[in-house]
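Taking it in order: structure first as structure tokens, then the write-up.
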Amino acid sequence: QIGLHGLANIGGVPGSAVSHGCVRLAGVTMRWLVIRIGPGVPVTISD
């Protein structure tokens, strides 16, 4: 499992290694996800 969390209080810039493998999201993106799917819901990330 990989966590999704916002950038607040983490430091660094997106793309820098400051978390332990989590996906860091801008605050507006994190709020968008939480409103639509809620915490704890599995998410598939693909490219």
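Chain identifiers are assigned as A, B, and so on, following the order in which chains appear in the structure tokens; residues are numbered from 1 within each chain, and ligands are numbered from 1 in order of appearance.
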*Write down as number ranges by chain the residues belonging to chain A that are assigned helix (DSSP H, G or I) by DSSP computed on the backbone.*
A: 27-37
*Could you pull out the residues in segment 2-46 of chain A that DSSP calls strand (DSSP E or B) from the backbone, as a ChimeraX atom specification?*
/A:4-6,23-25
Leaving out Gly27 of chain A and any residue of its chain fewer than 5 positions from it, which residues lie within 8 Å of it when counting only C-alpha atoms, given as a tab-separated table (two decimals) with C-alpha atoms, in the first residue's frame?
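Contents of around09.tsv, as written:
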```tsv
chain	number	residue	atom	x	y	z
A	6	GLY	CA	-0.96	16.71	0.87
A	7	LEU	CA	2.24	18.75	0.70
A	8	ALA	CA	1.60	20.82	3.85
```
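The space separating atom CA of Val28 of chain A from atom CA of Val43 of chain A comes to 17.5 Å.
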Name the residues in contact with segment 31-37 of chain A at a cut-off of 10 Å, using only C-alpha atoms, excluding same-chain residues fewer than 5 positions from it; report them as a PDB file with C-alpha atoms, in the first residue's frame.
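Result file is selection.pdb:
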```
ATOM      1  CA  LEU A   4      -1.707   9.731  -0.558  1.00  0.00           C
ATOM      2  CA  HIS A   5      -1.230  12.979   1.329  1.00  0.00           C
ATOM      3  CA  GLY A   6      -0.959  16.709   0.865  1.00  0.00           C
ATOM      4  CA  LEU A  25      -0.518  15.998  -3.842  1.00  0.00           C
ATOM      5  CA  ALA A  26      -1.218  19.711  -3.941  1.00  0.00           C
ATOM      6  CA  PRO A  42      -8.494   2.104  -2.612  1.00  0.00           C
ATOM      7  CA  VAL A  43      -7.207   4.129  -5.588  1.00  0.00           C
TER       8      VAL A  43
END
```
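Between atom CA of Gly21 of chain A and atom CA of Gly38 of chain A the interatomic distance comes to 20.8 Å.
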